[in-house]
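Accompanying notes for the structure given below.
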Amino acid sequence: MTGLALVLPPFFLLVFFILVPAAEAVLDTLRVERGGQIVYSLVRYAEMLRTISLRRSVVFTILVTLASVGVTFALAYALALYLRFSKGWVSTLLGALFIIPLFIPTVIASFAMVTFLEHHGYVATLLHTIGVEDTPSLVFNATGIVLTEVWASIPFATLVLLAGLQGIDDALIDSARDVGAGALRTFLAVVLPLNTVATVITMSLLFIGILGSFTIPYLVGGNAPQMMSVVMTNYFTNYLRPDISVALAALSFVIAALAGAAYVGGVSHRERGAV
Amino acid sequence: MRNCFRIPKRTTAFLAVVVVSVLGLYGIPARGQMAGVTLYISGDTNIQEMFDKDLLPLFERETSVKTKMVFLEHGQGAESILTKIIAAKRTGQQTDVDLYETQPTFIAQGSSEGIWTRITKDNMANAAKVDPNRPEVLVSNGFGIPYRGSSVVLAYNSKYVKTPPRTYDEILAWIKQNPGKFTYCDPQTCGSGAAFLYVALYKYGKAEDFSGLTYDQARESAWEPALQLLRSLKSNIYNNGFYPNGNVAVLQLLGRENIYMAPVWSDQGMSYLDQGLLPKDIKLVQVSPPFTGGDSAIAIPVHAEHQASGLMFLNWLLTSKAQTIVVNKLAGYPGIDWKYMPKDVRDKFAGIAQNFSPLPNAKYQADAKRLWQEKVAGSGQ
């Protein structure tokens with residue numbers, strides 16, 4: 001009974017403040033007035049998909065999200081491996097340093113990135129001193145969003161992956177070495193498979209987080225194409241078309257649900273493994 | 001001892017509350033004799049500073065009428081003030097709002113309720129100096145009087161542009177001849193880019209069709225060629241179609257000579273030039289048809305408590321002396337016609353001392369920005 005009482009407040013919060021309004025909003029996107037009568041129709045979704053700029057925005061969002069997840073994952077995995085298997089003061093120092101972005105608000109990080117990457121910014125100046133005249137545009141485009149998302153996501157990804165890696169018994173790695181496996185072989189045959197759950201969790205949460213992020217794409221992104229979160233806000237407040245905004249939100253929910261399914265699959269895999 | 005004091009203190013406080021609320025109910029007796037005027041002003045902090053430090057002290061010195069300003073920063077709460085004025089009218093009471101500066105569309109909203117005084121040269125002499133065709137007057141159904149304005153103008157670098165465009169079409173031609181040297185900001189992030197968009201739309205549909213209060217989405221089909229035109233410019237825009245976010249970003253590009261020409265707000269451009277943030281070679285000029293401008297107007301409730309003082313203040317505000325303060329402080333447009341302004345002021349603003357085009361109404365603005373995003377920026381090359 002006590003357990004149930006503990007669960008009830010968040011449960012009601014979820015139902016009445018998230019699920020019900022969300023369902024209501026999605027139903028609203030389907031309701032269309034036709035000749036004084038309310039009918040259910042997919043016209044708004046059709047309009048959304050007909051609009052080239054919105055189609056491009058959806059594709060852009062997915063590509064930017066996948067690129068950010070990919071780069072973050074690769075960098076975070078390398079960092080986690082180093083922190084797990086290397087001992088010494090460098091490792092300790094890095095272990096403290098990599099956490100820093102976690103404590104910096106995204107707004108500040110985004111503005112910092114803009115001044116860092118912009119046309120006459122730090123990177124361009126640095127490249128100029130070593131003789132590179134024409135720096136490619138690093139900000140107000142996909143590159144800028146990916147760079148900033150990666151910067152902001154690395155701590156979280158590293159923490160989860162590191163937790164997974166620390167659960168791997170040293171004895172398993174030592175025995176792999178004993179039978180003659182090299183570093184790469186040990187990684188591919190032992191570490192990677194044993195860390196599957198952490199991998200799936202990291203990837204799916206990163207994907208959902210970046211897909212729905214607003215501050216970074218809003219401040220660091222360009223005019224077009226824009227990430228879906230920015231487009232939704234524009235349609236909602238600037239263009240006075242909340243219906244299209246909600247239709248886009250419903251679509252992004254479907255995309256996020258795919259990543260959610262992977263997460264649930266990964267976690268239940270772990271549960272089964274535990275039993 | 002402490003205990004002894006507690007009760008009297010409480011009683012005093014209680015009495016004070018009673019006295020204040022009774023005064024509040026019946027009004028402070030002396031109020032009728034004070035020929036004060038209560039001004040409700042909205043705008044940015046520069047407007048507040050101008051009233052607090054320059055206009056109000058000068059007015060009080062010259063007329064010995066006391067003023068009280070209620071400032072609505074960025075127009076916050078503007079709609080509830082309108083509701084308050086309407087409520088007072090409906091219940092047959094006076095309102096303490098003697099003068100209200102707000103968006104012309106708000107003034108238009110109240111006009112059907114009959115809450116505004118029709119201001120003509122009969123009840124306010126300086127009304128004769130105001131152009132009745134100003135967007136602020138038209139949009140507010142004739143009840144709003146402009147006293148300050150700001151318009152989008154063309155900024156160009158005279159070092160590189162020897163013969164500046166005089167018309168909108170000449171700007172378009174210049175952009176095509178000088179690829180990469182022009183940009184305008186994303187219309188949803190700034191008014192100067194929006195003005196460039198609206199004038200393109202007005203090229204194919206009359207401004208008056210869109211600046212009024214009526215809204216008919218079907219009329220927007222007239223915009224199609226304008227959107228195609230802007231789309232065709234894309235490859236000639238700075239950095240292959242880069243539209244910066246915000247007015248300031250455009251001014252910075254001009255300042256660094258990355259671009260040679262762009263639409264900017266007259267007041268921002270002027271103050272950037274004054275502060276040396278733009279090179280001296282940058283000139284501001286209005287083209288024909290002009291860019292859009294105007295954002296604020298003054299109206300006086302018919303049931304204002306001190307209506308006569310309100311009219312008196314507005315009349316004073318439209319004298320060339322007060323208008324010169326406004327124009328210099330804000331680097332903007334006067335409310336009265338340029339011909340009533342002193343010559344040195346006219347000379348300083350020579351390039352831009354013309355009228356401007358009206359803004360489309362809020363719904364058309366929202367649609368125009370959306371269509372720009374969908375058909376110009378977001379359409380691909």
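Every chain in the structure tokens takes a letter, A first, then B, and so on in the order presented; its residues are numbered from 1, and the ligands are numbered from 1 following the presented order.
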With a cut-off of 6 Å, could you pull out the residues of chain A touching chain B and give me the nearest pair of atoms for each, distance in Å to one decimal, using only C-alpha atoms, ordered by chain and ascending number, as JSON lines?
{"residue": "A:Ser53", "atom": "CA", "partner": "B:Gly378", "partner_atom": "CA", "distance": 4.5}
{"residue": "A:Ala224", "atom": "CA", "partner": "B:Gly378", "partner_atom": "CA", "distance": 4.9}
{"residue": "A:Pro225", "atom": "CA", "partner": "B:Gly378", "partner_atom": "CA", "distance": 5.6}
{"residue": "A:Asn238", "atom": "CA", "partner": "B:Ala366", "partner_atom": "CA", "distance": 5.8}
{"residue": "A:Tyr239", "atom": "CA", "partner": "B:Ala366", "partner_atom": "CA", "distance": 4.3}
(request) Determine, counting only C-alpha atoms, which protein, DNA and RNA residues have an atom within 12 Å of an atom of Tyr340 of chain B; residues of the same chain fewer than 5 positions away are not included. Present the result as JSON, numbers by chain. (result) {"B": [126, 128, 129, 130, 131, 318, 319, 320, 321, 322, 323, 324, 334, 335, 345, 346, 353]}
Leu94 of chain A: which residues within 9 Å, counting only C-alpha atoms, same-chain residues fewer than 4 positions away excluded, as a short mmCIF file (atom, residue, chain, number, x, y, z; two decimals) with C-alpha atoms, in the first residue's frame?
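Output file selection_0.cif is given in full below:
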data_model
loop_
_atom_site.label_atom_id
_atom_site.label_comp_id
_atom_site.auth_asym_id
_atom_site.auth_seq_id
_atom_site.Cartn_x
_atom_site.Cartn_y
_atom_site.Cartn_z
CA LEU A 79 36.80 8.84 -22.97
CA LEU A 83 38.87 6.57 -17.63
CA TRP A 89 46.85 11.52 -12.40
CA VAL A 90 45.95 12.29 -16.03
CA PHE A 98 34.89 16.08 -18.54
CA ILE A 99 32.00 16.68 -16.13
#
(request) Might you pull out every residue within 8 Å of Phe196 of chain B, with only C-alpha atoms counted and same-chain residues fewer than 2 positions away left off, and present them as a ChimeraX atom specification? (result) /B:184,192-194,198-200,263,291
Write to file, as a short mmCIF file (atom, residue, chain, number, x, y, z; two decimals), in the first residue's frame, the residues of the selection just made, with C-alpha atoms.
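Written output follows (out-v8.cif):
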data_model
loop_
_atom_site.label_atom_id
_atom_site.label_comp_id
_atom_site.auth_asym_id
_atom_site.auth_seq_id
_atom_site.Cartn_x
_atom_site.Cartn_y
_atom_site.Cartn_z
CA TYR B 184 18.51 41.46 -44.64
CA SER B 192 14.26 45.72 -40.68
CA GLY B 193 14.24 42.39 -42.51
CA ALA B 194 10.46 42.26 -42.19
CA TYR B 198 6.66 43.71 -46.71
CA VAL B 199 7.72 46.20 -49.39
CA ALA B 200 8.31 43.28 -51.76
CA PRO B 263 17.84 47.71 -44.68
CA PHE B 291 10.16 50.83 -46.29
#
(message) Ranking B:Val152, B:Ile119, B:Ile336, B:Leu227 by minimum distance to Val264 of chain B and counting only C-alpha atoms, which one comes first?
(response) B:Val152
Interface rows for segment 179-260 of chain A against segment 13-32 of chain A: nearest pair, Å to one decimal, 9 Å, only C-alpha atoms, as a tab-separated table:
residue	atom	partner	partner_atom	distance
A:Asp243	CA	A:Thr29	CA	5.8
A:Ile244	CA	A:Thr29	CA	7.7
A:Val246	CA	A:Ala25	CA	6.7
A:Ala247	CA	A:Thr29	CA	6.0
A:Ala249	CA	A:Val26	CA	8.7
A:Ala250	CA	A:Val26	CA	6.5
(request) Find the spatial neighbours of Ala157 of chain A, counting only C-alpha atoms, within a cut-off of 10 Å - ignore same-chain residues fewer than 3 positions away - and output them as a PyMOL selection string. (result) chain A and resi 69+72-77+79-80+150+152-154+160-162+198-199+201-203+205-206
Just N, CA and C atoms for this one: save the residues we selected as a short mmCIF file (atom, residue, chain, number, x, y, z; two decimals), in the first residue's frame.
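The resulting result_4.cif:
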data_model
loop_
_atom_site.label_atom_id
_atom_site.label_comp_id
_atom_site.auth_asym_id
_atom_site.auth_seq_id
_atom_site.Cartn_x
_atom_site.Cartn_y
_atom_site.Cartn_z
N VAL A 69 24.45 12.28 -32.19
CA VAL A 69 24.51 11.07 -31.37
C VAL A 69 25.77 10.28 -31.74
N THR A 72 28.99 12.16 -30.53
CA THR A 72 29.04 12.13 -29.06
C THR A 72 29.40 10.74 -28.57
N PHE A 73 28.73 9.74 -29.17
CA PHE A 73 28.93 8.37 -28.72
C PHE A 73 30.38 7.95 -28.90
N ALA A 74 30.93 8.24 -30.09
CA ALA A 74 32.32 7.83 -30.37
C ALA A 74 33.27 8.49 -29.38
N LEU A 75 33.12 9.81 -29.18
CA LEU A 75 34.03 10.53 -28.29
C LEU A 75 33.85 10.08 -26.84
N ALA A 76 32.58 9.92 -26.44
CA ALA A 76 32.30 9.56 -25.04
C ALA A 76 32.80 8.15 -24.74
N TYR A 77 32.66 7.25 -25.73
CA TYR A 77 33.11 5.87 -25.51
C TYR A 77 34.63 5.85 -25.31
N LEU A 79 36.50 8.22 -24.25
CA LEU A 79 36.80 8.84 -22.97
C LEU A 79 36.51 7.88 -21.82
N ALA A 80 35.36 7.19 -21.93
CA ALA A 80 34.97 6.26 -20.88
C ALA A 80 35.97 5.11 -20.78
N VAL A 150 27.25 18.08 -29.25
CA VAL A 150 28.27 17.12 -28.82
C VAL A 150 28.93 17.61 -27.54
N ALA A 152 27.79 19.57 -25.30
CA ALA A 152 26.90 19.56 -24.14
C ALA A 152 26.54 18.13 -23.71
N SER A 153 26.62 17.15 -24.64
CA SER A 153 26.13 15.81 -24.31
C SER A 153 27.22 14.87 -23.80
N ILE A 154 28.48 15.20 -24.05
CA ILE A 154 29.56 14.27 -23.71
C ILE A 154 29.55 13.84 -22.23
N VAL A 160 27.21 7.48 -18.24
CA VAL A 160 26.44 6.24 -18.37
C VAL A 160 27.33 5.12 -18.89
N LEU A 161 28.14 5.42 -19.91
CA LEU A 161 29.01 4.39 -20.49
C LEU A 161 30.04 3.92 -19.46
N LEU A 162 30.57 4.86 -18.70
CA LEU A 162 31.58 4.53 -17.69
C LEU A 162 30.98 3.62 -16.63
N ALA A 198 24.28 -0.39 -21.48
CA ALA A 198 24.68 1.01 -21.33
C ALA A 198 24.70 1.70 -22.69
N THR A 199 25.14 0.97 -23.71
CA THR A 199 25.19 1.54 -25.05
C THR A 199 23.80 1.92 -25.54
N ILE A 201 21.09 2.41 -23.79
CA ILE A 201 20.52 3.48 -22.98
C ILE A 201 21.11 4.83 -23.41
N THR A 202 22.42 4.88 -23.54
CA THR A 202 23.08 6.14 -23.93
C THR A 202 22.54 6.63 -25.25
N MET A 203 22.54 5.73 -26.24
CA MET A 203 22.15 6.13 -27.59
C MET A 203 20.70 6.63 -27.62
N LEU A 205 18.72 7.72 -25.14
CA LEU A 205 18.48 8.95 -24.39
C LEU A 205 19.13 10.15 -25.08
N LEU A 206 20.31 9.94 -25.65
CA LEU A 206 20.95 11.02 -26.41
C LEU A 206 20.06 11.44 -27.57
#
(request) Name the closest residue to Leu117 of chain A among the candidates A:Leu138, A:Val231, A:Val264, A:Leu194; distances are taken between atoms, counting only C-alpha atoms. (result) A:Leu138
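For the residues A:Ile104, A:Ala171, A:Ile208, A:Leu6, ranking by smallest atom-to-atom distance to Val190 of chain A using only C-alpha atoms places A:Ala171 first.
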(request) Could you please write out, as a PyMOL selection string, every residue of segment 158-218 of chain A that DSSP assigns to helix (DSSP H, G or I)? (result) chain A and resi 158-166+170-178+183-194+196-211+215-218
(message) So that I can check the surroundings of Leu154 of chain B, please list as JSON, numbers by chain every protein, DNA and RNA residue that reaches within 6 Å of it, counting only C-alpha atoms and ignoring chain neighbours fewer than 5 positions away.
(response) {"B": [262, 263, 284, 285, 286]}
(message) Measuring between only C-alpha atoms, which one of A:Leu219, A:Leu102, A:Val139, A:Ala109 shows the shortest distance to Val123 of chain A?
(response) A:Val139
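Nearest residue to Leu201 of chain B among B:Leu229, B:Ala155, B:Val326, B:Val250 is B:Leu229, counting only C-alpha atoms.
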